[in-house]
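Printed here is run.cif (mmCIF, C-alpha atoms):
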data_my_file
loop_
_atom_site.group_PDB
_atom_site.id
_atom_site.type_symbol
_atom_site.label_atom_id
_atom_site.label_comp_id
_atom_site.auth_asym_id
_atom_site.auth_seq_id
_atom_site.Cartn_x
_atom_site.Cartn_y
_atom_site.Cartn_z
ATOM 1 C CA MET A 1 75.937 164.719 41.403
ATOM 2 C CA PHE A 2 72.674 165.602 39.681
ATOM 3 C CA SER A 3 70.488 164.193 36.918
ATOM 4 C CA VAL A 4 69.053 165.972 33.869
ATOM 5 C CA SER A 5 66.581 164.851 31.203
ATOM 6 C CA CYS A 6 65.897 166.725 27.965
ATOM 7 C CA PHE A 7 62.729 166.602 25.888
ATOM 8 C CA ASP A 8 62.046 167.699 22.322
ATOM 9 C CA VAL A 9 58.863 169.769 22.035
ATOM 10 C CA THR A 10 56.353 169.476 19.199
ATOM 11 C CA PRO A 11 53.685 172.207 19.417
ATOM 12 C CA ILE A 12 50.137 170.950 18.835
ATOM 13 C CA ASN A 13 48.824 174.459 18.307
ATOM 14 C CA GLN A 14 51.606 176.885 17.403
ATOM 15 C CA GLU A 15 49.319 179.884 17.855
ATOM 16 C CA HIS A 16 48.730 179.169 21.542
ATOM 17 C CA ILE A 17 52.052 177.617 22.586
ATOM 18 C CA GLY A 18 53.193 180.989 23.915
ATOM 19 C CA GLU A 19 50.578 180.922 26.666
ATOM 20 C CA ILE A 20 52.925 179.050 29.000
ATOM 21 C CA VAL A 21 55.074 182.159 29.446
ATOM 22 C CA ARG A 22 52.501 183.750 31.746
ATOM 23 C CA GLU A 23 53.711 184.673 35.200
ATOM 24 C CA ALA A 24 51.848 181.838 36.938
ATOM 25 C CA HIS A 25 49.309 179.075 36.409
ATOM 26 C CA HIS A 26 47.101 177.301 38.925
ATOM 27 C CA PHE A 27 45.250 174.053 38.281
ATOM 28 C CA GLN A 28 43.073 172.082 40.671
ATOM 29 C CA GLU A 29 41.480 168.663 40.519
ATOM 30 C CA THR A 30 39.585 166.539 43.027
ATOM 31 C CA GLN A 31 40.625 162.979 43.800
ATOM 32 C CA ARG A 32 39.293 160.434 46.273
ATOM 33 C CA VAL A 33 41.967 159.757 48.899
ATOM 34 C CA ASN A 34 41.279 157.617 51.979
ATOM 35 C CA ASN A 35 37.509 157.970 51.455
ATOM 36 C CA PHE A 36 37.810 161.753 51.343
ATOM 37 C CA ASP A 37 37.616 164.133 48.374
ATOM 38 C CA GLU A 38 40.975 165.910 48.348
ATOM 39 C CA ASN A 39 41.568 169.055 46.296
ATOM 40 C CA LEU A 40 44.936 168.615 44.597
ATOM 41 C CA ASP A 41 46.664 171.820 43.517
ATOM 42 C CA THR A 42 49.343 172.406 40.906
ATOM 43 C CA TYR A 43 51.140 175.745 40.591
ATOM 44 C CA ILE A 44 53.492 176.653 37.752
ATOM 45 C CA TYR A 45 55.558 179.770 38.395
ATOM 46 C CA ALA A 46 57.430 181.539 35.594
ATOM 47 C CA ASN A 47 60.779 182.900 36.748
ATOM 48 C CA GLU A 48 63.832 184.406 35.068
ATOM 49 C CA THR A 49 65.029 183.832 31.506
ATOM 50 C CA SER A 50 68.604 182.660 30.950
ATOM 51 C CA PRO A 51 71.001 184.667 28.738
ATOM 52 C CA THR A 52 70.554 182.024 26.015
ATOM 53 C CA GLY A 53 66.748 182.201 26.052
ATOM 54 C CA TYR A 54 65.641 179.414 28.418
ATOM 55 C CA GLN A 55 62.604 180.314 30.544
ATOM 56 C CA ASN A 56 62.699 178.892 34.064
ATOM 57 C CA TYR A 57 59.575 177.359 35.598
ATOM 58 C CA ARG A 58 59.051 176.028 39.106
ATOM 59 C CA ILE A 59 56.333 173.413 39.482
ATOM 60 C CA VAL A 60 54.718 172.846 42.882
ATOM 61 C CA THR A 61 52.186 170.020 42.784
ATOM 62 C CA ASP A 62 50.205 167.800 45.156
ATOM 63 C CA GLU A 63 50.886 164.111 44.573
ATOM 64 C CA VAL A 64 49.015 161.099 45.931
ATOM 65 C CA ILE A 65 51.392 158.425 47.197
ATOM 66 C CA ASP A 66 50.446 154.887 48.208
ATOM 67 C CA TYR A 67 51.679 154.601 51.798
ATOM 68 C CA ARG A 68 50.340 152.460 54.637
ATOM 69 C CA ALA A 69 50.377 154.395 57.915
ATOM 70 C CA ARG A 70 48.397 155.115 61.082
ATOM 71 C CA VAL A 71 47.166 158.614 61.922
ATOM 72 C CA LYS A 72 45.286 159.369 65.164
ATOM 73 C CA GLY A 73 44.545 155.684 65.652
ATOM 74 C CA GLU A 74 43.243 155.118 62.112
ATOM 75 C CA PHE A 75 45.039 153.352 59.271
ATOM 76 C CA ILE A 76 45.410 155.093 55.923
ATOM 77 C CA ASP A 77 46.618 153.732 52.586
ATOM 78 C CA GLN A 78 47.544 156.974 50.830
ATOM 79 C CA VAL A 79 49.124 160.315 51.658
ATOM 80 C CA VAL A 80 49.362 163.608 49.772
ATOM 81 C CA LYS A 81 52.859 165.026 49.410
ATOM 82 C CA GLN A 82 54.019 168.175 47.682
ATOM 83 C CA GLY A 83 56.479 167.793 44.819
ATOM 84 C CA LEU A 84 58.816 170.570 43.660
ATOM 85 C CA TYR A 85 60.430 170.500 40.202
ATOM 86 C CA GLU A 86 62.615 172.808 38.102
ATOM 87 C CA ILE A 87 62.008 173.067 34.355
ATOM 88 C CA TYR A 88 63.661 175.148 31.638
ATOM 89 C CA TYR A 89 61.863 175.691 28.341
ATOM 90 C CA HIS A 90 63.344 177.212 25.175
ATOM 91 C CA PRO A 91 60.513 178.202 22.791
ATOM 92 C CA ASP A 92 62.713 178.797 19.727
ATOM 93 C CA ARG A 93 64.747 175.601 20.064
ATOM 94 C CA ARG A 94 61.629 173.671 21.129
ATOM 95 C CA ARG A 95 63.525 172.137 23.988
ATOM 96 C CA LEU A 96 62.489 171.373 27.568
ATOM 97 C CA VAL A 97 65.094 170.541 30.225
ATOM 98 C CA ALA A 98 64.128 168.933 33.546
ATOM 99 C CA LEU A 99 66.695 169.325 36.330
ATOM 100 C CA CYS A 100 65.638 166.314 38.384
ATOM 101 C CA ARG A 101 65.795 162.532 38.573
ATOM 102 C CA LYS A 102 64.568 160.560 35.574
ATOM 103 C CA ASP A 103 61.307 159.442 37.208
ATOM 104 C CA ASP A 104 60.590 162.958 38.478
ATOM 105 C CA ALA A 105 61.421 164.389 35.051
ATOM 106 C CA PHE A 106 58.572 162.407 33.495
ATOM 107 C CA LYS A 107 56.216 163.606 36.255
ATOM 108 C CA ALA A 108 57.163 167.245 35.729
ATOM 109 C CA THR A 109 57.107 167.189 31.943
ATOM 110 C CA GLY A 110 53.854 165.227 32.030
ATOM 111 C CA ILE A 111 52.262 168.226 33.751
ATOM 112 C CA PHE A 112 53.396 170.460 30.891
ATOM 113 C CA GLU A 113 52.219 168.010 28.247
ATOM 114 C CA ASN A 114 48.788 167.598 29.871
ATOM 115 C CA ARG A 115 48.209 171.299 30.471
ATOM 116 C CA PHE A 116 49.683 172.963 27.383
ATOM 117 C CA PRO A 117 49.387 172.354 23.606
ATOM 118 C CA MET A 118 52.563 170.324 23.145
ATOM 119 C CA GLN A 119 53.864 166.807 22.714
ATOM 120 C CA LEU A 120 57.129 165.791 24.355
ATOM 121 C CA GLU A 121 59.641 163.123 23.411
ATOM 122 C CA LYS A 122 62.720 162.400 25.480
ATOM 123 C CA HIS A 123 65.815 163.381 23.546
ATOM 124 C CA ARG A 124 68.393 160.681 22.937
ATOM 125 C CA PHE A 125 71.795 162.225 22.468
ATOM 126 C CA ASN A 126 74.124 161.001 19.748
ATOM 127 C CA ILE A 127 76.063 158.761 22.102
ATOM 128 C CA LEU A 128 78.145 157.226 19.291
ATOM 129 C CA GLY A 129 78.986 160.728 18.100
ATOM 130 C CA ILE A 130 80.066 161.655 21.633
ATOM 131 C CA ILE A 131 82.313 158.577 21.740
ATOM 132 C CA ASP A 132 83.816 159.323 18.319
ATOM 133 C CA ASP A 133 84.268 162.995 19.148
ATOM 134 C CA SER A 134 85.896 162.290 22.496
ATOM 135 C CA THR A 135 88.311 159.647 21.201
ATOM 136 C CA ASP A 136 89.248 161.392 17.976
ATOM 137 C CA VAL A 137 88.788 165.124 17.444
ATOM 138 C CA ARG A 138 89.310 166.161 21.057
ATOM 139 C CA SER A 139 91.484 163.301 22.285
ATOM 140 C CA ALA A 140 93.949 165.728 23.851
ATOM 141 C CA ARG A 141 91.303 166.967 26.276
ATOM 142 C CA PHE A 142 88.911 164.049 26.613
ATOM 143 C CA ASP A 143 88.822 160.978 28.810
ATOM 144 C CA VAL A 144 86.103 158.472 27.888
ATOM 145 C CA LYS A 145 84.763 155.339 29.570
ATOM 146 C CA ILE A 146 82.196 153.121 27.842
ATOM 147 C CA GLU A 147 79.804 150.963 29.891
ATOM 148 C CA THR A 148 78.061 147.761 28.764
ATOM 149 C CA VAL A 149 75.130 145.673 29.982
ATOM 150 C CA THR A 150 77.545 142.957 31.121
ATOM 151 C CA GLY A 151 79.397 145.351 33.415
ATOM 152 C CA VAL A 152 82.492 145.442 31.208
ATOM 153 C CA SER A 153 83.944 148.899 30.602
ATOM 154 C CA LEU A 154 86.369 150.290 28.037
ATOM 155 C CA LYS A 155 88.522 153.291 28.807
ATOM 156 C CA GLY A 156 91.136 155.253 26.887
ATOM 157 C CA SER A 157 91.745 156.818 23.491
ATOM 158 C CA GLY A 158 91.005 155.113 20.187
ATOM 159 C CA ILE A 159 88.701 152.535 21.786
ATOM 160 C CA ASN A 160 86.109 153.101 19.081
ATOM 161 C CA ASN A 161 88.515 151.533 16.584
ATOM 162 C CA THR A 162 88.855 148.233 18.454
ATOM 163 C CA GLN A 163 87.200 144.964 17.475
ATOM 164 C CA TYR A 164 85.682 144.619 20.942
ATOM 165 C CA TYR A 165 83.940 147.971 20.491
ATOM 166 C CA ALA A 166 82.542 146.838 17.130
ATOM 167 C CA ASN A 167 81.302 143.573 18.649
ATOM 168 C CA MET A 168 79.718 145.460 21.545
ATOM 169 C CA LEU A 169 77.745 147.719 19.195
ATOM 170 C CA SER A 170 76.576 144.877 16.972
ATOM 171 C CA SER A 171 75.271 142.935 19.991
ATOM 172 C CA GLY A 172 73.484 145.948 21.515
ATOM 173 C CA GLN A 173 75.492 145.898 24.748
ATOM 174 C CA LEU A 174 76.177 149.632 25.008
ATOM 175 C CA THR A 175 74.429 151.228 28.019
ATOM 176 C CA GLY A 176 76.227 154.525 28.504
ATOM 177 C CA VAL A 177 79.410 156.524 28.323
ATOM 178 C CA ILE A 178 81.244 158.585 30.940
ATOM 179 C CA VAL A 179 83.236 161.512 29.583
ATOM 180 C CA THR A 180 85.567 164.002 31.263
ATOM 181 C CA TYR A 181 86.784 167.091 29.467
ATOM 182 C CA ASP A 182 87.260 170.841 29.714
ATOM 183 C CA HIS A 183 84.270 173.077 29.065
ATOM 184 C CA GLY A 184 84.765 176.779 29.598
ATOM 185 C CA ASP A 185 86.805 177.215 32.760
ATOM 186 C CA LYS A 186 85.728 173.878 34.288
ATOM 187 C CA THR A 187 86.605 170.229 33.909
ATOM 188 C CA VAL A 188 83.273 168.434 33.557
ATOM 189 C CA THR A 189 82.605 164.745 34.160
ATOM 190 C CA PHE A 190 79.224 163.405 33.066
ATOM 191 C CA ARG A 191 77.476 160.212 32.043
ATOM 192 C CA VAL A 192 75.030 159.922 29.160
ATOM 193 C CA SER A 193 72.940 156.760 28.899
ATOM 194 C CA VAL A 194 71.419 155.284 25.774
ATOM 195 C CA ASP A 195 67.970 156.484 26.900
ATOM 196 C CA GLY A 196 69.242 160.084 26.965
ATOM 197 C CA THR A 197 69.510 160.646 30.723
ATOM 198 C CA LEU A 198 72.450 162.831 31.767
ATOM 199 C CA LEU A 199 74.200 162.445 35.111
ATOM 200 C CA PHE A 200 76.667 165.171 36.077
ATOM 201 C CA TYR A 201 79.434 164.416 38.574
ATOM 202 C CA THR A 202 80.744 167.990 38.424
ATOM 203 C CA ASN A 203 78.987 170.881 40.139
ATOM 204 C CA LEU A 204 77.618 173.270 37.527
ATOM 205 C CA SER A 205 75.315 176.236 37.799
ATOM 206 C CA GLU A 206 71.976 175.858 36.039
ATOM 207 C CA TYR A 207 73.070 178.212 33.257
ATOM 208 C CA GLU A 208 76.363 176.319 32.816
ATOM 209 C CA CYS A 209 74.361 173.098 32.581
ATOM 210 C CA LEU A 210 72.122 174.571 29.874
ATOM 211 C CA ASP A 211 75.146 175.741 27.871
ATOM 212 C CA PHE A 212 76.652 172.270 28.183
ATOM 213 C CA ILE A 213 73.424 170.669 26.939
ATOM 214 C CA ASP A 214 73.387 172.993 23.927
ATOM 215 C CA MET A 215 76.881 171.733 23.104
ATOM 216 C CA LEU A 216 75.750 168.090 23.331
ATOM 217 C CA TYR A 217 72.815 168.787 21.021
ATOM 218 C CA ALA A 218 75.296 170.015 18.402
ATOM 219 C CA ILE A 219 77.231 166.712 18.343
#
Final structure tokens representation of the file:
Amino acid sequence: MFSVSCFDVTPINQEHIGEIVREAHHFQETQRVNNFDENLDTYIYANETSPTGYQNYRIVTDEVIDYRARVKGEFIDQVVKQGLYEIYYHPDRRRLVALCRKDDAFKATGIFENRFPMQLEKHRFNILGIIDDSTDVRSARFDVKIETVTGVSLKGSGINNTQYYANMLSSGQLTGVIVTYDHGDKTVTFRVSVDGTLLFYTNLSEYECLDFIDMLYAI
């Protein structure tokens, strides 16, 4: 099981947006930690490009964490840990995909937004379109489960035509949908929430995940 968040990219300066495709970047800042000036480093490494044009980046960054501990007889209130994140960026589709938990996705993409001429907005997938598509056009291959804020779930085909479904939408109770269907040579089960976060229950390679996301964007 793994989480994915997608962000739509708006270039601030189109002329210089291509600078992020360099082989590597290094940034450093100084922050006061436990009464000591720590140098915090961030490295962004450019790796391979997927067959569909996504550039892979690995982010290694020092992060200050509030944590009460004792070291060599002295108490400290903060520690510096090293975070590691995987990002895929597609310059033509203006799309950034973070292969990490939702909170970590905002950390990783925040580094891109602060360092490069771009604005990012988390993409919210057309969840109603996914429900309609899965219960209508592809009903022979799809299994869909709808989740609500009250913990009630709906499962089966044609559920989007029920009165309960209509009442749920009008009252804003929809929180997410879990869908299972065939994609390529695999049967994929995933959850998409109303805030756009994807949670995959099926093991996919990174390239398979990117292809799947492209399909969701088209719905």
Using all atoms listed in the file: which of A:Ile219, A:Ala24, A:Val188, A:Cys100 has the shortest distance to Asp133 of chain A: A:Ile219
Residue nearest Lys81 of chain A - candidates A:Gln119, A:Asn114, A:Thr109, A:Thr42, atoms counted: only C-alpha atoms: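 The closest residue to Lys81 of chain A is A:Thr42.
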Counting all atoms listed in the file, write as a PyMOL selection string all protein and nucleic acid residues lying at most 12 Å from (76.7, 160.3, 24.8) in the file's frame. chain A and resi 123-134+144-147+174-180+189-199+213+215-219
Put those residues in a file: C-alpha atoms, as a short mmCIF file (atom, residue, chain, number, x, y, z; two decimals), in the coordinates of the input.
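Below you can see out.cif, which holds the result:
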data_model
loop_
_atom_site.label_atom_id
_atom_site.label_comp_id
_atom_site.auth_asym_id
_atom_site.auth_seq_id
_atom_site.Cartn_x
_atom_site.Cartn_y
_atom_site.Cartn_z
CA HIS A 123 65.82 163.38 23.55
CA ARG A 124 68.39 160.68 22.94
CA PHE A 125 71.80 162.22 22.47
CA ASN A 126 74.12 161.00 19.75
CA ILE A 127 76.06 158.76 22.10
CA LEU A 128 78.14 157.23 19.29
CA GLY A 129 78.99 160.73 18.10
CA ILE A 130 80.07 161.66 21.63
CA ILE A 131 82.31 158.58 21.74
CA ASP A 132 83.82 159.32 18.32
CA ASP A 133 84.27 163.00 19.15
CA SER A 134 85.90 162.29 22.50
CA VAL A 144 86.10 158.47 27.89
CA LYS A 145 84.76 155.34 29.57
CA ILE A 146 82.20 153.12 27.84
CA GLU A 147 79.80 150.96 29.89
CA LEU A 174 76.18 149.63 25.01
CA THR A 175 74.43 151.23 28.02
CA GLY A 176 76.23 154.52 28.50
CA VAL A 177 79.41 156.52 28.32
CA ILE A 178 81.24 158.58 30.94
CA VAL A 179 83.24 161.51 29.58
CA THR A 180 85.57 164.00 31.26
CA THR A 189 82.60 164.74 34.16
CA PHE A 190 79.22 163.40 33.07
CA ARG A 191 77.48 160.21 32.04
CA VAL A 192 75.03 159.92 29.16
CA SER A 193 72.94 156.76 28.90
CA VAL A 194 71.42 155.28 25.77
CA ASP A 195 67.97 156.48 26.90
CA GLY A 196 69.24 160.08 26.96
CA THR A 197 69.51 160.65 30.72
CA LEU A 198 72.45 162.83 31.77
CA LEU A 199 74.20 162.44 35.11
CA ILE A 213 73.42 170.67 26.94
CA MET A 215 76.88 171.73 23.10
CA LEU A 216 75.75 168.09 23.33
CA TYR A 217 72.82 168.79 21.02
CA ALA A 218 75.30 170.02 18.40
CA ILE A 219 77.23 166.71 18.34
#
Min atom-atom distance to Val4 of chain A from the set A:Met118, A:Ala69, A:Leu204, A:Ala105, counting all atoms listed in the file, belongs to A:Ala105
Excluding Asp66 of chain A and its own-chain neighbours fewer than 3 positions away, which residues fall within 12 Å of it when counting only C-alpha atoms? Please give them as a VMD selection string. chain A and resid 33 to 34 63 69 76 to 81
Measure the distance from atom CA of Glu208 of chain A to atom CA of Gly184 of chain A in Å and round it to one decimal.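 Distance between the two atoms: 9.0 Å.
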Could you check how far atom CA of Phe212 of chain A sits from atom CA of Asp103 of chain A, in Å to one decimal? 21.9 Å
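Atom CA of Cys6 of chain A lies 23.1 Å from atom CA of Gln82 of chain A.
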Return as a ChimeraX atom specification the set of residues that the PyMOL selection byres ((chain A and resi 43) around 7) yields on the displayed structure. /A:25-27,41-42,44-45,59-61
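Proximity to Lys186 of chain A was assessed for A:Cys209, A:Val9, A:Ile111, A:Val71 counting all atoms listed in the file; the smallest distance is recorded for A:Cys209.
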Would you place a box with edges along x, y and z of the file around all atoms of segment 94-106 of chain A listed there, add 8 Å to each of its six sides, and report the centre and edge lengths in Å to one decimal, as AutoDock Vina command-line options?
--center_x 62.6 --center_y 166.6 --center_z 29.9 --size_x 24.1 --size_y 30.2 --size_z 33.4
Selection in question (the file shown): the PyMOL selection byres ((chain A and resi 96) around 8). Which residues does it include, as a PDB file with C-alpha atoms, in the coordinates of the input?
ATOM      1  CA  CYS A   6      65.897 166.725  27.965  1.00  0.00           C
ATOM      2  CA  PHE A   7      62.729 166.602  25.888  1.00  0.00           C
ATOM      3  CA  ASP A   8      62.046 167.699  22.322  1.00  0.00           C
ATOM      4  CA  VAL A   9      58.863 169.769  22.035  1.00  0.00           C
ATOM      5  CA  ILE A  87      62.008 173.067  34.355  1.00  0.00           C
ATOM      6  CA  TYR A  88      63.661 175.148  31.638  1.00  0.00           C
ATOM      7  CA  TYR A  89      61.863 175.691  28.341  1.00  0.00           C
ATOM      8  CA  HIS A  90      63.344 177.212  25.175  1.00  0.00           C
ATOM      9  CA  ARG A  94      61.629 173.671  21.129  1.00  0.00           C
ATOM     10  CA  ARG A  95      63.525 172.137  23.988  1.00  0.00           C
ATOM     11  CA  VAL A  97      65.094 170.541  30.225  1.00  0.00           C
ATOM     12  CA  ALA A  98      64.128 168.933  33.546  1.00  0.00           C
TER      13      ALA A  98
END
Would you mind putting N, CA and C atoms back on segment 82-112 of chain A and writing the result as a PDB file, in the frame of the given file?
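Result file is rebuild.pdb:
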ATOM      1  N   GLN A  82      53.824 167.077  48.620  1.00  0.00           N
ATOM      2  CA  GLN A  82      54.019 168.175  47.682  1.00  0.00           C
ATOM      3  C   GLN A  82      55.348 167.998  46.964  1.00  0.00           C
ATOM      4  N   GLY A  83      55.280 167.926  45.629  1.00  0.00           N
ATOM      5  CA  GLY A  83      56.479 167.793  44.819  1.00  0.00           C
ATOM      6  C   GLY A  83      56.922 169.144  44.285  1.00  0.00           C
ATOM      7  N   LEU A  84      58.241 169.323  44.164  1.00  0.00           N
ATOM      8  CA  LEU A  84      58.816 170.570  43.660  1.00  0.00           C
ATOM      9  C   LEU A  84      59.800 170.234  42.549  1.00  0.00           C
ATOM     10  N   TYR A  85      59.605 170.825  41.355  1.00  0.00           N
ATOM     11  CA  TYR A  85      60.430 170.500  40.202  1.00  0.00           C
ATOM     12  C   TYR A  85      60.869 171.773  39.485  1.00  0.00           C
ATOM     13  N   GLU A  86      62.068 171.699  38.878  1.00  0.00           N
ATOM     14  CA  GLU A  86      62.615 172.808  38.102  1.00  0.00           C
ATOM     15  C   GLU A  86      62.641 172.418  36.624  1.00  0.00           C
ATOM     16  N   ILE A  87      62.084 173.300  35.795  1.00  0.00           N
ATOM     17  CA  ILE A  87      62.008 173.067  34.355  1.00  0.00           C
ATOM     18  C   ILE A  87      62.542 174.297  33.626  1.00  0.00           C
ATOM     19  N   TYR A  88      63.272 174.062  32.540  1.00  0.00           N
ATOM     20  CA  TYR A  88      63.661 175.148  31.638  1.00  0.00           C
ATOM     21  C   TYR A  88      63.091 174.845  30.253  1.00  0.00           C
ATOM     22  N   TYR A  89      62.484 175.859  29.663  1.00  0.00           N
ATOM     23  CA  TYR A  89      61.863 175.691  28.341  1.00  0.00           C
ATOM     24  C   TYR A  89      62.406 176.745  27.386  1.00  0.00           C
ATOM     25  N   HIS A  90      62.857 176.289  26.203  1.00  0.00           N
ATOM     26  CA  HIS A  90      63.344 177.212  25.175  1.00  0.00           C
ATOM     27  C   HIS A  90      62.362 177.179  24.004  1.00  0.00           C
ATOM     28  N   PRO A  91      61.565 178.236  23.819  1.00  0.00           N
ATOM     29  CA  PRO A  91      60.513 178.202  22.791  1.00  0.00           C
ATOM     30  C   PRO A  91      61.046 178.147  21.365  1.00  0.00           C
ATOM     31  N   ASP A  92      62.179 178.786  21.090  1.00  0.00           N
ATOM     32  CA  ASP A  92      62.713 178.797  19.727  1.00  0.00           C
ATOM     33  C   ASP A  92      63.373 177.471  19.364  1.00  0.00           C
ATOM     34  N   ARG A  93      64.086 176.887  20.318  1.00  0.00           N
ATOM     35  CA  ARG A  93      64.747 175.601  20.064  1.00  0.00           C
ATOM     36  C   ARG A  93      63.819 174.416  20.321  1.00  0.00           C
ATOM     37  N   ARG A  94      62.618 174.716  20.827  1.00  0.00           N
ATOM     38  CA  ARG A  94      61.629 173.671  21.129  1.00  0.00           C
ATOM     39  C   ARG A  94      62.253 172.574  21.986  1.00  0.00           C
ATOM     40  N   ARG A  95      62.765 173.017  23.103  1.00  0.00           N
ATOM     41  CA  ARG A  95      63.525 172.137  23.988  1.00  0.00           C
ATOM     42  C   ARG A  95      63.082 172.373  25.420  1.00  0.00           C
ATOM     43  N   LEU A  96      62.871 171.282  26.165  1.00  0.00           N
ATOM     44  CA  LEU A  96      62.489 171.373  27.568  1.00  0.00           C
ATOM     45  C   LEU A  96      63.484 170.553  28.384  1.00  0.00           C
ATOM     46  N   VAL A  97      64.053 171.171  29.412  1.00  0.00           N
ATOM     47  CA  VAL A  97      65.094 170.541  30.225  1.00  0.00           C
ATOM     48  C   VAL A  97      64.592 170.421  31.659  1.00  0.00           C
ATOM     49  N   ALA A  98      64.579 169.196  32.179  1.00  0.00           N
ATOM     50  CA  ALA A  98      64.128 168.933  33.546  1.00  0.00           C
ATOM     51  C   ALA A  98      65.338 168.643  34.424  1.00  0.00           C
ATOM     52  N   LEU A  99      65.553 169.490  35.426  1.00  0.00           N
ATOM     53  CA  LEU A  99      66.695 169.325  36.330  1.00  0.00           C
ATOM     54  C   LEU A  99      66.272 168.496  37.532  1.00  0.00           C
ATOM     55  N   CYS A 100      66.071 167.207  37.308  1.00  0.00           N
ATOM     56  CA  CYS A 100      65.638 166.314  38.384  1.00  0.00           C
ATOM     57  C   CYS A 100      65.866 164.871  37.960  1.00  0.00           C
ATOM     58  N   ARG A 101      65.621 163.947  38.870  1.00  0.00           N
ATOM     59  CA  ARG A 101      65.795 162.532  38.573  1.00  0.00           C
ATOM     60  C   ARG A 101      64.909 162.107  37.408  1.00  0.00           C
ATOM     61  N   LYS A 102      65.280 160.994  36.773  1.00  0.00           N
ATOM     62  CA  LYS A 102      64.568 160.560  35.574  1.00  0.00           C
ATOM     63  C   LYS A 102      63.081 160.360  35.832  1.00  0.00           C
ATOM     64  N   ASP A 103      62.723 159.675  36.915  1.00  0.00           N
ATOM     65  CA  ASP A 103      61.307 159.442  37.208  1.00  0.00           C
ATOM     66  C   ASP A 103      60.576 160.755  37.462  1.00  0.00           C
ATOM     67  N   ASP A 104      61.208 161.662  38.202  1.00  0.00           N
ATOM     68  CA  ASP A 104      60.590 162.958  38.478  1.00  0.00           C
ATOM     69  C   ASP A 104      60.493 163.803  37.215  1.00  0.00           C
ATOM     70  N   ALA A 105      61.451 163.631  36.304  1.00  0.00           N
ATOM     71  CA  ALA A 105      61.421 164.389  35.051  1.00  0.00           C
ATOM     72  C   ALA A 105      60.169 164.061  34.252  1.00  0.00           C
ATOM     73  N   PHE A 106      59.778 162.785  34.225  1.00  0.00           N
ATOM     74  CA  PHE A 106      58.572 162.407  33.495  1.00  0.00           C
ATOM     75  C   PHE A 106      57.320 162.939  34.200  1.00  0.00           C
ATOM     76  N   LYS A 107      57.341 163.014  35.532  1.00  0.00           N
ATOM     77  CA  LYS A 107      56.216 163.606  36.255  1.00  0.00           C
ATOM     78  C   LYS A 107      56.068 165.084  35.893  1.00  0.00           C
ATOM     79  N   ALA A 108      57.193 165.802  35.961  1.00  0.00           N
ATOM     80  CA  ALA A 108      57.163 167.245  35.729  1.00  0.00           C
ATOM     81  C   ALA A 108      56.781 167.578  34.292  1.00  0.00           C
ATOM     82  N   THR A 109      57.408 166.899  33.343  1.00  0.00           N
ATOM     83  CA  THR A 109      57.107 167.189  31.943  1.00  0.00           C
ATOM     84  C   THR A 109      55.710 166.709  31.569  1.00  0.00           C
ATOM     85  N   GLY A 110      55.221 165.677  32.266  1.00  0.00           N
ATOM     86  CA  GLY A 110      53.854 165.227  32.030  1.00  0.00           C
ATOM     87  C   GLY A 110      52.838 166.305  32.370  1.00  0.00           C
ATOM     88  N   ILE A 111      53.140 167.111  33.396  1.00  0.00           N
ATOM     89  CA  ILE A 111      52.262 168.226  33.751  1.00  0.00           C
ATOM     90  C   ILE A 111      52.208 169.232  32.609  1.00  0.00           C
ATOM     91  N   PHE A 112      53.364 169.539  32.027  1.00  0.00           N
ATOM     92  CA  PHE A 112      53.396 170.460  30.891  1.00  0.00           C
ATOM     93  C   PHE A 112      52.620 169.889  29.708  1.00  0.00           C
TER      94      PHE A 112
END
